[in-house]
>>> print(open('data-v6.pdb').read())   # PDB, C-alpha atoms
MODEL        1
ATOM      1  CA  MET A1155       0.000   0.000   0.000
ATOM      2  CA  PHE A1156       1.258   3.480  -0.907
ATOM      3  CA  MET A1157       1.195   4.858   2.642
ATOM      4  CA  ASN A1158       3.715   2.232   3.755
ATOM      5  CA  ILE A1159       6.166   2.770   0.895
ATOM      6  CA  GLU A1160       9.166   4.882   1.756
ATOM      7  CA  LYS A1161      10.731   7.119  -0.846
ATOM      8  CA  SER A1162      14.396   6.474  -1.526
ATOM      9  CA  THR A1163      17.105   9.086  -1.892
ATOM     10  CA  ASN A1164      18.161   7.245  -5.055
ATOM     11  CA  LYS A1165      16.248   8.149  -8.237
ATOM     12  CA  ARG A1166      16.703   4.697  -9.786
ATOM     13  CA  ASP A1167      15.325   3.035  -6.642
ATOM     14  CA  ASN A1168      12.285   5.313  -6.812
ATOM     15  CA  TYR A1169      11.669   4.292 -10.419
ATOM     16  CA  GLU A1170      11.804   0.635  -9.379
ATOM     17  CA  ILE A1171       9.360   1.314  -6.524
ATOM     18  CA  LEU A1172       7.055   3.073  -8.988
ATOM     19  CA  LEU A1173       7.105   0.261 -11.509
ATOM     20  CA  SER A1174       6.622  -2.470  -8.937
ATOM     21  CA  ASN A1175       3.554  -0.747  -7.443
ATOM     22  CA  LEU A1176       1.737   0.643 -10.480
ATOM     23  CA  ASP A1177      -0.719  -2.255 -10.622
ATOM     24  CA  TYR A1178      -2.040  -1.285  -7.198
ATOM     25  CA  TYR A1179      -3.062   2.136  -8.534
ATOM     26  CA  ILE A1180      -4.581   0.862 -11.757
ATOM     27  CA  ILE A1181      -7.311  -1.381 -10.417
ATOM     28  CA  LYS A1182      -9.661  -2.657 -13.110
ATOM     29  CA  GLY A1183     -13.274  -2.045 -12.249
ATOM     30  CA  ASP A1184     -12.570   0.770  -9.801
ATOM     31  CA  ASN A1185     -13.693   4.320 -10.497
ATOM     32  CA  LEU A1186     -11.572   6.002 -13.202
ATOM     33  CA  VAL A1187     -11.306   9.332 -11.350
ATOM     34  CA  THR A1188     -10.295   7.508  -8.164
ATOM     35  CA  ASN A1189      -7.571   5.567  -9.985
ATOM     36  CA  LEU A1190      -6.215   8.632 -11.797
ATOM     37  CA  SER A1191      -6.272  10.741  -8.623
ATOM     38  CA  ASN A1192      -4.276   8.204  -6.640
ATOM     39  CA  LEU A1193      -1.946   7.526  -9.557
ATOM     40  CA  SER A1194      -1.160  11.232 -10.040
ATOM     41  CA  SER A1195      -0.380  11.547  -6.324
ATOM     42  CA  PHE A1196       1.779   8.411  -6.407
ATOM     43  CA  LEU A1197       3.745   9.650  -9.428
ATOM     44  CA  ASP A1198       4.177  13.118  -7.927
ATOM     45  CA  TYR A1199       5.558  11.663  -4.710
ATOM     46  CA  PHE A1200       8.155   9.457  -6.377
ATOM     47  CA  LEU A1201       9.227  11.617  -9.337
ATOM     48  CA  ASP A1202      11.674  14.388  -8.578
ATOM     49  CA  ASP A1203      12.276  17.470 -10.705
ATOM     50  CA  ILE A1204       8.740  17.785 -12.043
ATOM     51  CA  ASN A1205       6.239  20.564 -11.452
ATOM     52  CA  TRP A1206       3.087  18.895 -12.811
ATOM     53  CA  VAL A1207       1.848  15.361 -13.321
ATOM     54  CA  GLY A1208      -1.655  14.418 -14.272
ATOM     55  CA  PHE A1209      -4.198  13.354 -16.804
ATOM     56  CA  TYR A1210      -6.325  14.888 -19.517
ATOM     57  CA  LEU A1211      -9.447  13.072 -20.664
ATOM     58  CA  ILE A1212     -10.974  13.309 -24.132
ATOM     59  CA  LYS A1213     -14.497  14.738 -24.014
ATOM     60  CA  ASN A1214     -16.403  16.218 -26.946
ATOM     61  CA  ASN A1215     -13.308  16.303 -29.189
ATOM     62  CA  GLU A1216     -11.116  18.196 -26.755
ATOM     63  CA  LEU A1217      -8.850  17.431 -23.820
ATOM     64  CA  VAL A1218     -10.360  18.233 -20.424
ATOM     65  CA  VAL A1219      -8.120  18.324 -17.365
ATOM     66  CA  GLY A1220      -8.560  15.393 -15.023
ATOM     67  CA  PRO A1221      -6.866  14.504 -11.746
ATOM     68  CA  PHE A1222      -3.422  16.050 -11.320
ATOM     69  CA  GLN A1223      -0.769  17.300  -8.901
ATOM     70  CA  GLY A1224       0.869  20.695  -9.377
ATOM     71  CA  LYS A1225      -0.061  24.236 -10.293
ATOM     72  CA  VAL A1226      -3.367  25.123 -11.887
ATOM     73  CA  ALA A1227      -3.597  23.625 -15.387
ATOM     74  CA  CYS A1228      -5.315  24.562 -18.614
ATOM     75  CA  SER A1229      -8.906  23.381 -18.230
ATOM     76  CA  ARG A1230      -9.446  22.521 -21.885
ATOM     77  CA  ILE A1231      -7.083  21.934 -24.779
ATOM     78  CA  PRO A1232      -8.228  21.525 -28.394
ATOM     79  CA  LEU A1233      -6.969  18.273 -29.905
ATOM     80  CA  SER A1234      -5.124  20.288 -32.534
ATOM     81  CA  LYS A1235      -3.126  22.351 -30.000
ATOM     82  CA  GLY A1236      -0.062  21.936 -27.818
ATOM     83  CA  VAL A1237       2.089  18.982 -26.908
ATOM     84  CA  CYS A1238      -0.854  17.078 -25.399
ATOM     85  CA  GLY A1239      -2.949  17.584 -28.517
ATOM     86  CA  LYS A1240      -0.102  16.363 -30.704
ATOM     87  CA  ALA A1241       0.304  13.239 -28.571
ATOM     88  CA  VAL A1242      -3.374  12.427 -29.021
ATOM     89  CA  THR A1243      -3.632  13.189 -32.736
ATOM     90  CA  THR A1244      -0.422  11.346 -33.623
ATOM     91  CA  LYS A1245      -0.966   8.572 -31.052
ATOM     92  CA  ALA A1246       2.713   8.915 -30.176
ATOM     93  CA  ILE A1247       4.647   9.791 -27.039
ATOM     94  CA  GLN A1248       5.884  13.371 -27.115
ATOM     95  CA  ASN A1249       9.182  14.086 -25.338
ATOM     96  CA  ILE A1250       9.868  17.789 -25.771
ATOM     97  CA  PRO A1251      13.107  18.849 -24.019
ATOM     98  CA  ASP A1252      12.618  22.562 -24.828
ATOM     99  CA  VAL A1253       9.025  23.744 -25.141
ATOM    100  CA  THR A1254      10.134  27.202 -26.267
ATOM    101  CA  ILE A1255      10.955  25.771 -29.693
ATOM    102  CA  PHE A1256       7.815  23.635 -29.991
ATOM    103  CA  ALA A1257       5.456  25.261 -32.486
ATOM    104  CA  GLY A1258       2.051  25.681 -30.888
ATOM    105  CA  HIS A1259       3.157  25.115 -27.294
ATOM    106  CA  ILE A1260       0.519  26.147 -24.767
ATOM    107  CA  ALA A1261       2.145  27.775 -21.752
ATOM    108  CA  CYS A1262      -0.188  26.787 -18.915
ATOM    109  CA  ASP A1263       2.735  27.236 -16.504
ATOM    110  CA  SER A1264       5.601  29.528 -17.456
ATOM    111  CA  ALA A1265       7.952  27.506 -15.230
ATOM    112  CA  SER A1266       7.608  24.434 -17.461
ATOM    113  CA  ARG A1267      10.582  24.086 -19.767
ATOM    114  CA  SER A1268       9.987  20.568 -21.043
ATOM    115  CA  GLU A1269       7.094  18.152 -21.445
ATOM    116  CA  LEU A1270       6.670  14.421 -21.627
ATOM    117  CA  VAL A1271       3.228  13.329 -22.779
ATOM    118  CA  VAL A1272       2.267   9.673 -22.923
TER     119      VAL A1272
ENDMDL
END
>>> encode(input="data-v6.pdb", output="structure tokens")
Amino acid sequence: MFMNIEKSTNKRDNYEILLSNLDYYIIKGDNLVTNLSNLSSFLDYFLDDINWVGFYLIKNNELVVGPFQGKVACSRIPLSKGVCGKAVTTKAIQNIPDVTIFAGHIACDSASRSELVV
């Protein structure tokens, strides 16, 4: 259970803890919002050097913010916009090391310098 898992000072150890416990937070048949809420908290706790982790859900042909940890996020993102929109429309992971050179980047948080969208 998450509450009994101690965070390591070693980043690699934290990744191993994350991977070995993901199934607990993705319980089939449980409420989607519950799963995503706990998963975003779990990821935020174990991942260092991030300022936002969360989920967008597709509703009515746009991305709508779901459970997350971090600063206030963009509430809605058109599927044709930003890094998240590109990930959805191309069905490909987007790893953008410098968002300032990404055409169409949406700056929900000016402190974000890179994005990884899965």
>>> resolve_selection(input="data-v6.pdb", expression="the PyMOL selection byres ((chain A and resi 1231) around 10)", output="number ranges by chain")
A: 1210, 1212, 1215-1219, 1228-1230, 1232-1239, 1260
>>> residues_around(input="data-v6.pdb", residues="range 1252-1256 of chain A", least_positions_apart="3", cutoff="12 Å", atoms="all atoms listed in the file", output="MDAnalysis selection string")
chainID A and resid 1235:1238 1240 1248:1249 1259:1270
>>> residues_near_point(input="data-v6.pdb", point="(-7.8, 10.4, -17.5)", cutoff="12 Å", atoms="all atoms listed in the file", output="number ranges by chain")
A: 1180, 1185-1194, 1207-1213, 1217-1222, 1272
>>> write_last_selection(input="data-v6.pdb", atoms="C-alpha atoms", output="mmCIF file, in the coordinates of the input")
data_model
loop_
_atom_site.group_PDB
_atom_site.id
_atom_site.type_symbol
_atom_site.label_atom_id
_atom_site.label_comp_id
_atom_site.auth_asym_id
_atom_site.auth_seq_id
_atom_site.Cartn_x
_atom_site.Cartn_y
_atom_site.Cartn_z
ATOM 1 C CA ILE A 1180 -4.581 0.862 -11.757
ATOM 2 C CA ASN A 1185 -13.693 4.320 -10.497
ATOM 3 C CA LEU A 1186 -11.572 6.002 -13.202
ATOM 4 C CA VAL A 1187 -11.306 9.332 -11.350
ATOM 5 C CA THR A 1188 -10.295 7.508 -8.164
ATOM 6 C CA ASN A 1189 -7.571 5.567 -9.985
ATOM 7 C CA LEU A 1190 -6.215 8.632 -11.797
ATOM 8 C CA SER A 1191 -6.272 10.741 -8.623
ATOM 9 C CA ASN A 1192 -4.276 8.204 -6.640
ATOM 10 C CA LEU A 1193 -1.946 7.526 -9.557
ATOM 11 C CA SER A 1194 -1.160 11.232 -10.040
ATOM 12 C CA VAL A 1207 1.848 15.361 -13.321
ATOM 13 C CA GLY A 1208 -1.655 14.418 -14.272
ATOM 14 C CA PHE A 1209 -4.198 13.354 -16.804
ATOM 15 C CA TYR A 1210 -6.325 14.888 -19.517
ATOM 16 C CA LEU A 1211 -9.447 13.072 -20.664
ATOM 17 C CA ILE A 1212 -10.974 13.309 -24.132
ATOM 18 C CA LYS A 1213 -14.497 14.738 -24.014
ATOM 19 C CA LEU A 1217 -8.850 17.431 -23.820
ATOM 20 C CA VAL A 1218 -10.360 18.233 -20.424
ATOM 21 C CA VAL A 1219 -8.120 18.324 -17.365
ATOM 22 C CA GLY A 1220 -8.560 15.393 -15.023
ATOM 23 C CA PRO A 1221 -6.866 14.504 -11.746
ATOM 24 C CA PHE A 1222 -3.422 16.050 -11.320
ATOM 25 C CA VAL A 1272 2.267 9.673 -22.923
#
>>> closest_atom_pairs(input="data-v6.pdb", of="range 1196-1262 of chain A", to="range 1161-1179 of chain A", cutoff="9 Å", atoms="all atoms listed in the file", output="CSV")
residue,atom,partner,partner_atom,distance
A:Phe1196,CA,A:Leu1172,CA,7.9
A:Leu1197,CA,A:Leu1172,CA,7.4
A:Tyr1199,CA,A:Lys1161,CA,7.9
A:Phe1200,CA,A:Asn1168,CA,5.9
A:Leu1201,CA,A:Asn1168,CA,7.4
A:Asp1202,CA,A:Lys1165,CA,7.7
>>> atom_distance(input="data-v6.pdb", atom1="CA of Lys1225 in chain A", atom2="CA of Thr1244 in chain A")
26.7 Å
>>> atom_distance(input="data-v6.pdb", atom1="CA of Asn1205 in chain A", atom2="CA of Ala1227 in chain A")
11.0 Å
>>> atom_distance(input="data-v6.pdb", atom1="CA of Trp1206 in chain A", atom2="CA of Ala1246 in chain A")
20.0 Å
>>> axis_aligned_box(input="data-v6.pdb", around="range 1182-1197 of chain A", padding_each_side="5 Å", output="AutoDock Vina command-line options")
--center_x -5.0 --center_y 4.4 --center_z -9.8 --size_x 27.4 --size_y 24.2 --size_z 16.9
>>> decode(input="data-v6.pdb", residues="range 1248-1264 of chain A", atoms="N, CA, C and O atoms", output="short mmCIF file (atom, residue, chain, number, x, y, z; two decimals), in the first residue's frame")
data_model
loop_
_atom_site.label_atom_id
_atom_site.label_comp_id
_atom_site.auth_asym_id
_atom_site.auth_seq_id
_atom_site.Cartn_x
_atom_site.Cartn_y
_atom_site.Cartn_z
N GLN A 1248 5.20 12.12 -26.80
CA GLN A 1248 5.88 13.37 -27.11
C GLN A 1248 6.86 13.68 -25.99
O GLN A 1248 6.45 13.89 -24.84
N ASN A 1249 8.14 13.72 -26.30
CA ASN A 1249 9.18 14.09 -25.34
C ASN A 1249 9.82 15.36 -25.86
O ASN A 1249 10.64 15.32 -26.78
N ILE A 1250 9.43 16.48 -25.29
CA ILE A 1250 9.87 17.79 -25.77
C ILE A 1250 10.83 18.39 -24.74
O ILE A 1250 10.41 18.88 -23.70
N PRO A 1251 12.14 18.35 -24.99
CA PRO A 1251 13.11 18.85 -24.02
C PRO A 1251 13.10 20.37 -23.87
O PRO A 1251 13.47 20.88 -22.81
N ASP A 1252 12.65 21.09 -24.90
CA ASP A 1252 12.62 22.56 -24.83
C ASP A 1252 11.32 23.05 -25.46
O ASP A 1252 11.22 23.14 -26.69
N VAL A 1253 10.34 23.36 -24.62
CA VAL A 1253 9.03 23.74 -25.14
C VAL A 1253 9.04 25.10 -25.84
O VAL A 1253 8.14 25.40 -26.61
N THR A 1254 10.08 25.89 -25.62
CA THR A 1254 10.13 27.20 -26.27
C THR A 1254 10.33 27.09 -27.77
O THR A 1254 10.06 28.04 -28.50
N ILE A 1255 10.78 25.93 -28.25
CA ILE A 1255 10.96 25.77 -29.69
C ILE A 1255 9.90 24.85 -30.30
O ILE A 1255 9.98 24.49 -31.47
N PHE A 1256 8.90 24.47 -29.49
CA PHE A 1256 7.81 23.64 -29.99
C PHE A 1256 6.72 24.53 -30.55
O PHE A 1256 6.11 25.32 -29.83
N ALA A 1257 6.48 24.43 -31.85
CA ALA A 1257 5.46 25.26 -32.49
C ALA A 1257 4.09 24.91 -31.91
O ALA A 1257 3.70 23.74 -31.89
N GLY A 1258 3.38 25.90 -31.42
CA GLY A 1258 2.05 25.68 -30.89
C GLY A 1258 2.01 25.30 -29.42
O GLY A 1258 0.97 24.90 -28.91
N HIS A 1259 3.14 25.44 -28.73
CA HIS A 1259 3.16 25.12 -27.29
C HIS A 1259 2.18 26.00 -26.54
O HIS A 1259 2.07 27.20 -26.80
N ILE A 1260 1.44 25.40 -25.62
CA ILE A 1260 0.52 26.15 -24.77
C ILE A 1260 1.19 26.30 -23.41
O ILE A 1260 1.46 25.31 -22.73
N ALA A 1261 1.45 27.52 -23.01
CA ALA A 1261 2.15 27.78 -21.75
C ALA A 1261 1.15 27.91 -20.60
O ALA A 1261 0.79 28.99 -20.18
N CYS A 1262 0.70 26.77 -20.08
CA CYS A 1262 -0.19 26.79 -18.91
C CYS A 1262 0.59 27.23 -17.68
O CYS A 1262 0.05 27.85 -16.79
N ASP A 1263 1.87 26.87 -17.62
CA ASP A 1263 2.73 27.24 -16.50
C ASP A 1263 4.06 27.71 -17.09
O ASP A 1263 4.77 26.94 -17.73
N SER A 1264 4.38 28.96 -16.87
CA SER A 1264 5.60 29.53 -17.46
C SER A 1264 6.88 28.88 -16.90
O SER A 1264 7.94 29.01 -17.50
#
